[in-house]
Amino acid sequence: MSSGGEAPGGEAPGGEALGGKSSGGETPGTKASGGVGAAGTEAAAREHCLRLLTSAPRTRAQLADALRRKSVPDDVADRVLDRLTAAGLIDDEAFAQAWVQSRHAGRGLAKRALAAELRRRGVADETVNDAVDALDPEQEEHTARALVDRKLRSTRGADPTKRMRRLVGMLARKGYSPALSYRLVKEALAEEGTDPESLPEPPPPAD
């Protein structure tokens, strides 16, 4: 899977409609759904989806967006996506599970950040929740602690309060909760000899 989760690419310049022009100058996608032009558009739409899936796994929503940019009619796009789903080539559940494992292992992202990324890619809330809930809380804490230990070395010599804010901010950007972030950073600084009583407390939870 692509670690950056890029939007589907490989489009024709200008986002021109798939299927080309008919001899009468019409785009096949403008014909009735049951016409020859629509069949040509459907085949082209399917090929476009397959090209995108060859380069990286995609969610159904990502492929739907790609077809929309190619001016594929919604009913044609739905048929293509339904068939690819039935064939197992589109599987948002598998996508979400693989995304969580890959991004947590590779980038150290926590559940909150992972859920936000999946939702931006059009994955349904229930599927998102199932995928992120499979991430073991102990593993999440272990990853956060490793991130702090790695970053801690580069902050040595700075004011302890500034170090804490920098490290907590790093964890926050990766989706970790303030309570966990402050606790782990305070523990790490205390192990170096910083008085934990001199460090700021986490802000109160938002209402």
# chains A, B, ... in the order shown; residues from 1 in each chain; ligands from 1
call {"tool": "select_by_dssp", "arguments": {"residues": "range 63-193 of chain A", "states": "helix (DSSP H, G or I)", "output": "number ranges by chain"}}
result
A: 63-69, 74-86, 92-107, 111-120, 125-133, 137-155, 160-173, 178-191
call {"tool": "write_last_selection", "arguments": {"atoms": "C-alpha atoms", "output": "compact mmCIF listing (two decimals), in the first residue's frame"}}
result
# COMPACT_ATOMS: atom_id res chain seq x y z
CA LEU A 63 -12.60 5.23 -7.24
CA ALA A 64 -16.02 6.90 -7.42
CA ASP A 65 -14.31 10.30 -7.24
CA ALA A 66 -11.89 9.28 -9.99
CA LEU A 67 -14.76 8.23 -12.27
CA ARG A 68 -16.67 11.42 -11.50
CA ARG A 69 -13.68 13.46 -12.61
CA ASP A 74 -23.34 7.91 -11.77
CA ASP A 75 -25.40 4.88 -12.81
CA VAL A 76 -22.53 3.56 -14.93
CA ALA A 77 -20.03 4.19 -12.14
CA ASP A 78 -22.24 2.39 -9.64
CA ARG A 79 -22.46 -0.70 -11.86
CA VAL A 80 -18.71 -0.79 -12.38
CA LEU A 81 -17.96 -0.34 -8.68
CA ASP A 82 -20.57 -2.93 -7.67
CA ARG A 83 -18.99 -5.50 -9.98
CA LEU A 84 -15.48 -4.76 -8.77
CA THR A 85 -16.70 -5.06 -5.18
CA ALA A 86 -18.40 -8.39 -5.93
CA ASP A 92 -13.01 -1.14 2.16
CA GLU A 93 -12.75 -3.36 5.24
CA ALA A 94 -9.49 -4.92 4.07
CA PHE A 95 -8.24 -1.48 2.99
CA ALA A 96 -8.96 -0.01 6.43
CA GLN A 97 -7.33 -2.89 8.30
CA ALA A 98 -4.19 -2.74 6.16
CA TRP A 99 -4.09 1.06 6.40
CA VAL A 100 -4.19 0.97 10.20
CA GLN A 101 -1.43 -1.61 10.44
CA SER A 102 0.78 0.09 7.87
CA ARG A 103 0.42 3.67 9.10
CA HIS A 104 0.74 2.72 12.76
CA ALA A 105 3.87 0.68 12.14
CA GLY A 106 5.41 3.08 9.63
CA ARG A 107 4.41 6.50 10.98
CA LYS A 111 -6.26 5.69 16.52
CA ARG A 112 -7.57 9.24 16.23
CA ALA A 113 -5.23 10.17 13.38
CA LEU A 114 -5.80 6.86 11.61
CA ALA A 115 -9.57 7.27 11.82
CA ALA A 116 -9.34 10.77 10.35
CA GLU A 117 -7.23 9.53 7.43
CA LEU A 118 -9.66 6.71 6.65
CA ARG A 119 -12.66 9.03 6.77
CA ARG A 120 -10.94 11.42 4.36
CA ASP A 125 -17.68 5.17 10.09
CA GLU A 126 -18.52 1.62 11.17
CA THR A 127 -15.67 0.22 9.07
CA VAL A 128 -13.31 2.88 10.41
CA ASN A 129 -14.24 2.10 14.01
CA ASP A 130 -13.77 -1.64 13.52
CA ALA A 131 -10.34 -1.11 11.99
CA VAL A 132 -8.97 1.27 14.61
CA ASP A 133 -10.49 -0.67 17.50
CA PRO A 137 -4.04 -0.10 23.36
CA GLU A 138 -0.84 -1.56 24.78
CA GLN A 139 0.73 -1.53 21.33
CA GLU A 140 -0.40 2.07 20.84
CA GLU A 141 1.21 3.10 24.13
CA HIS A 142 4.39 1.16 23.28
CA THR A 143 4.60 3.00 19.96
CA ALA A 144 4.04 6.38 21.62
CA ARG A 145 6.76 5.65 24.17
CA ALA A 146 9.18 4.70 21.39
CA LEU A 147 8.40 7.96 19.57
CA VAL A 148 9.15 9.94 22.73
CA ASP A 149 12.41 8.09 23.35
CA ARG A 150 13.54 8.72 19.79
CA LYS A 151 12.69 12.43 19.86
CA LEU A 152 13.98 12.96 23.38
CA ARG A 153 17.61 12.80 22.31
CA SER A 154 17.22 15.72 19.92
CA THR A 155 15.77 17.97 22.64
CA PRO A 160 12.43 21.03 30.40
CA THR A 161 9.09 22.79 29.94
CA LYS A 162 9.89 23.53 26.30
CA ARG A 163 11.01 19.94 25.80
CA MET A 164 7.76 18.70 27.25
CA ARG A 165 5.65 20.94 25.04
CA ARG A 166 7.61 19.92 21.96
CA LEU A 167 7.30 16.22 22.70
CA VAL A 168 3.62 16.44 23.64
CA GLY A 169 2.96 18.40 20.45
CA MET A 170 4.67 15.70 18.40
CA LEU A 171 2.43 13.03 19.91
CA ALA A 172 -0.67 15.19 19.51
CA ARG A 173 0.01 15.58 15.78
CA PRO A 178 -3.23 14.72 25.85
CA ALA A 179 -3.44 12.55 28.98
CA LEU A 180 -1.31 9.76 27.52
CA SER A 181 1.10 12.21 25.90
CA TYR A 182 1.76 14.19 29.07
CA ARG A 183 2.16 11.03 31.15
CA LEU A 184 4.67 9.40 28.82
CA VAL A 185 6.70 12.57 28.30
CA LYS A 186 6.77 13.31 32.02
CA GLU A 187 7.96 9.77 32.74
CA ALA A 188 10.68 10.03 30.10
CA LEU A 189 11.94 13.37 31.41
CA ALA A 190 11.83 12.12 35.00
CA GLU A 191 14.02 9.17 34.02
call {"tool": "atom_distance", "arguments": {"atom1": "CA of Ala134 in chain A", "atom2": "CA of Cys49 in chain A"}}
result
29.1 Å
call {"tool": "atom_distance", "arguments": {"atom1": "CA of Arg58 in chain A", "atom2": "CA of Lys70 in chain A"}}
result
16.6 Å
call {"tool": "atom_distance", "arguments": {"atom1": "CA of Leu199 in chain A", "atom2": "CA of Leu109 in chain A"}}
result
25.1 Å
call {"tool": "residues_around", "arguments": {"residues": "Leu50 in chain A", "least_positions_apart": "4", "cutoff": "10 Å", "atoms": "only C-alpha atoms", "output": "ChimeraX atom specification"}}
result
/A:44-46,54-56,63,84,89
call {"tool": "write_last_selection", "arguments": {"atoms": "N, CA and C atoms", "output": "compact mmCIF listing (two decimals), in the first residue's frame"}}
result
# COMPACT_ATOMS: atom_id res chain seq x y z
N ALA A 44 -14.62 1.37 -20.41
CA ALA A 44 -13.51 2.29 -20.17
C ALA A 44 -13.39 2.63 -18.69
N ALA A 45 -14.54 2.79 -18.03
CA ALA A 45 -14.52 3.09 -16.60
C ALA A 45 -13.91 1.94 -15.81
N ARG A 46 -14.28 0.73 -16.20
CA ARG A 46 -13.72 -0.44 -15.52
C ARG A 46 -12.20 -0.49 -15.70
N THR A 54 -4.22 -1.24 -9.75
CA THR A 54 -2.92 -1.88 -9.99
C THR A 54 -1.80 -1.10 -9.31
N SER A 55 -1.94 0.23 -9.28
CA SER A 55 -0.88 1.05 -8.69
C SER A 55 -0.94 1.07 -7.17
N ALA A 56 -2.15 0.97 -6.59
CA ALA A 56 -2.30 0.97 -5.13
C ALA A 56 -3.74 0.60 -4.78
N LEU A 63 -12.36 5.61 -5.85
CA LEU A 63 -12.60 5.23 -7.24
C LEU A 63 -13.81 5.97 -7.79
N LEU A 84 -16.83 -4.64 -9.32
CA LEU A 84 -15.48 -4.76 -8.77
C LEU A 84 -15.52 -5.16 -7.29
N LEU A 89 -12.24 -6.95 -5.71
CA LEU A 89 -11.18 -5.99 -6.06
C LEU A 89 -11.32 -4.68 -5.29
call {"tool": "decode", "arguments": {"residues": "range 114-145 of chain A", "atoms": "N, CA and C atoms", "output": "PDB file, in the first residue's frame"}}
result
ATOM      1  N   LEU A 114      -5.490   7.897  12.602  1.00  0.00           N
ATOM      2  CA  LEU A 114      -5.800   6.859  11.613  1.00  0.00           C
ATOM      3  C   LEU A 114      -7.256   6.943  11.182  1.00  0.00           C
ATOM      4  N   ALA A 115      -8.151   7.154  12.143  1.00  0.00           N
ATOM      5  CA  ALA A 115      -9.570   7.270  11.816  1.00  0.00           C
ATOM      6  C   ALA A 115      -9.823   8.464  10.904  1.00  0.00           C
ATOM      7  N   ALA A 116      -9.157   9.580  11.185  1.00  0.00           N
ATOM      8  CA  ALA A 116      -9.338  10.771  10.348  1.00  0.00           C
ATOM      9  C   ALA A 116      -8.860  10.515   8.922  1.00  0.00           C
ATOM     10  N   GLU A 117      -7.736   9.826   8.770  1.00  0.00           N
ATOM     11  CA  GLU A 117      -7.229   9.526   7.427  1.00  0.00           C
ATOM     12  C   GLU A 117      -8.193   8.629   6.657  1.00  0.00           C
ATOM     13  N   LEU A 118      -8.733   7.628   7.326  1.00  0.00           N
ATOM     14  CA  LEU A 118      -9.657   6.714   6.647  1.00  0.00           C
ATOM     15  C   LEU A 118     -10.945   7.430   6.248  1.00  0.00           C
ATOM     16  N   ARG A 119     -11.438   8.293   7.108  1.00  0.00           N
ATOM     17  CA  ARG A 119     -12.664   9.028   6.767  1.00  0.00           C
ATOM     18  C   ARG A 119     -12.430   9.959   5.586  1.00  0.00           C
ATOM     19  N   ARG A 120     -11.247  10.552   5.517  1.00  0.00           N
ATOM     20  CA  ARG A 120     -10.941  11.416   4.362  1.00  0.00           C
ATOM     21  C   ARG A 120     -10.914  10.616   3.071  1.00  0.00           C
ATOM     22  N   ARG A 121     -10.710   9.321   3.169  1.00  0.00           N
ATOM     23  CA  ARG A 121     -10.697   8.455   1.985  1.00  0.00           C
ATOM     24  C   ARG A 121     -12.040   7.785   1.747  1.00  0.00           C
ATOM     25  N   GLY A 122     -13.051   8.268   2.456  1.00  0.00           N
ATOM     26  CA  GLY A 122     -14.411   7.831   2.185  1.00  0.00           C
ATOM     27  C   GLY A 122     -14.828   6.528   2.825  1.00  0.00           C
ATOM     28  N   VAL A 123     -14.067   6.039   3.796  1.00  0.00           N
ATOM     29  CA  VAL A 123     -14.426   4.788   4.463  1.00  0.00           C
ATOM     30  C   VAL A 123     -15.549   5.064   5.462  1.00  0.00           C
ATOM     31  N   ALA A 124     -16.551   4.200   5.498  1.00  0.00           N
ATOM     32  CA  ALA A 124     -17.704   4.371   6.376  1.00  0.00           C
ATOM     33  C   ALA A 124     -17.290   4.327   7.844  1.00  0.00           C
ATOM     34  N   ASP A 125     -18.030   5.068   8.672  1.00  0.00           N
ATOM     35  CA  ASP A 125     -17.681   5.174  10.090  1.00  0.00           C
ATOM     36  C   ASP A 125     -17.580   3.814  10.776  1.00  0.00           C
ATOM     37  N   GLU A 126     -18.537   2.932  10.514  1.00  0.00           N
ATOM     38  CA  GLU A 126     -18.518   1.623  11.169  1.00  0.00           C
ATOM     39  C   GLU A 126     -17.262   0.839  10.799  1.00  0.00           C
ATOM     40  N   THR A 127     -16.881   0.912   9.530  1.00  0.00           N
ATOM     41  CA  THR A 127     -15.674   0.219   9.074  1.00  0.00           C
ATOM     42  C   THR A 127     -14.429   0.845   9.689  1.00  0.00           C
ATOM     43  N   VAL A 128     -14.425   2.173   9.781  1.00  0.00           N
ATOM     44  CA  VAL A 128     -13.305   2.876  10.414  1.00  0.00           C
ATOM     45  C   VAL A 128     -13.162   2.441  11.871  1.00  0.00           C
ATOM     46  N   ASN A 129     -14.281   2.451  12.582  1.00  0.00           N
ATOM     47  CA  ASN A 129     -14.236   2.102  14.007  1.00  0.00           C
ATOM     48  C   ASN A 129     -13.742   0.675  14.220  1.00  0.00           C
ATOM     49  N   ASP A 130     -14.217  -0.245  13.390  1.00  0.00           N
ATOM     50  CA  ASP A 130     -13.774  -1.638  13.522  1.00  0.00           C
ATOM     51  C   ASP A 130     -12.268  -1.760  13.299  1.00  0.00           C
ATOM     52  N   ALA A 131     -11.762  -1.013  12.321  1.00  0.00           N
ATOM     53  CA  ALA A 131     -10.338  -1.108  11.986  1.00  0.00           C
ATOM     54  C   ALA A 131      -9.461  -0.530  13.094  1.00  0.00           C
ATOM     55  N   VAL A 132      -9.819   0.653  13.592  1.00  0.00           N
ATOM     56  CA  VAL A 132      -8.965   1.275  14.614  1.00  0.00           C
ATOM     57  C   VAL A 132      -9.120   0.590  15.968  1.00  0.00           C
ATOM     58  N   ASP A 133     -10.303   0.028  16.232  1.00  0.00           N
ATOM     59  CA  ASP A 133     -10.493  -0.672  17.503  1.00  0.00           C
ATOM     60  C   ASP A 133      -9.651  -1.946  17.583  1.00  0.00           C
ATOM     61  N   ALA A 134      -9.252  -2.456  16.428  1.00  0.00           N
ATOM     62  CA  ALA A 134      -8.410  -3.659  16.416  1.00  0.00           C
ATOM     63  C   ALA A 134      -6.977  -3.354  16.846  1.00  0.00           C
ATOM     64  N   LEU A 135      -6.632  -2.062  16.904  1.00  0.00           N
ATOM     65  CA  LEU A 135      -5.288  -1.686  17.344  1.00  0.00           C
ATOM     66  C   LEU A 135      -5.206  -1.814  18.863  1.00  0.00           C
ATOM     67  N   ASP A 136      -4.328  -2.642  19.335  1.00  0.00           N
ATOM     68  CA  ASP A 136      -4.206  -2.932  20.758  1.00  0.00           C
ATOM     69  C   ASP A 136      -3.739  -1.690  21.526  1.00  0.00           C
ATOM     70  N   PRO A 137      -4.455  -1.283  22.591  1.00  0.00           N
ATOM     71  CA  PRO A 137      -4.045  -0.101  23.360  1.00  0.00           C
ATOM     72  C   PRO A 137      -2.618  -0.199  23.899  1.00  0.00           C
ATOM     73  N   GLU A 138      -2.208  -1.398  24.291  1.00  0.00           N
ATOM     74  CA  GLU A 138      -0.837  -1.558  24.785  1.00  0.00           C
ATOM     75  C   GLU A 138       0.181  -1.322  23.671  1.00  0.00           C
ATOM     76  N   GLN A 139      -0.155  -1.760  22.462  1.00  0.00           N
ATOM     77  CA  GLN A 139       0.734  -1.525  21.328  1.00  0.00           C
ATOM     78  C   GLN A 139       0.801  -0.034  21.009  1.00  0.00           C
ATOM     79  N   GLU A 140      -0.355   0.632  21.100  1.00  0.00           N
ATOM     80  CA  GLU A 140      -0.400   2.071  20.841  1.00  0.00           C
ATOM     81  C   GLU A 140       0.476   2.818  21.845  1.00  0.00           C
ATOM     82  N   GLU A 141       0.384   2.447  23.111  1.00  0.00           N
ATOM     83  CA  GLU A 141       1.214   3.099  24.126  1.00  0.00           C
ATOM     84  C   GLU A 141       2.692   2.781  23.911  1.00  0.00           C
ATOM     85  N   HIS A 142       2.993   1.547  23.558  1.00  0.00           N
ATOM     86  CA  HIS A 142       4.385   1.164  23.283  1.00  0.00           C
ATOM     87  C   HIS A 142       4.952   2.003  22.136  1.00  0.00           C
ATOM     88  N   THR A 143       4.146   2.203  21.095  1.00  0.00           N
ATOM     89  CA  THR A 143       4.601   3.004  19.956  1.00  0.00           C
ATOM     90  C   THR A 143       4.823   4.449  20.366  1.00  0.00           C
ATOM     91  N   ALA A 144       3.901   4.996  21.163  1.00  0.00           N
ATOM     92  CA  ALA A 144       4.041   6.379  21.620  1.00  0.00           C
ATOM     93  C   ALA A 144       5.301   6.546  22.462  1.00  0.00           C
ATOM     94  N   ARG A 145       5.564   5.582  23.323  1.00  0.00           N
ATOM     95  CA  ARG A 145       6.763   5.650  24.166  1.00  0.00           C
ATOM     96  C   ARG A 145       8.035   5.615  23.310  1.00  0.00           C
TER      97      ARG A 145
END
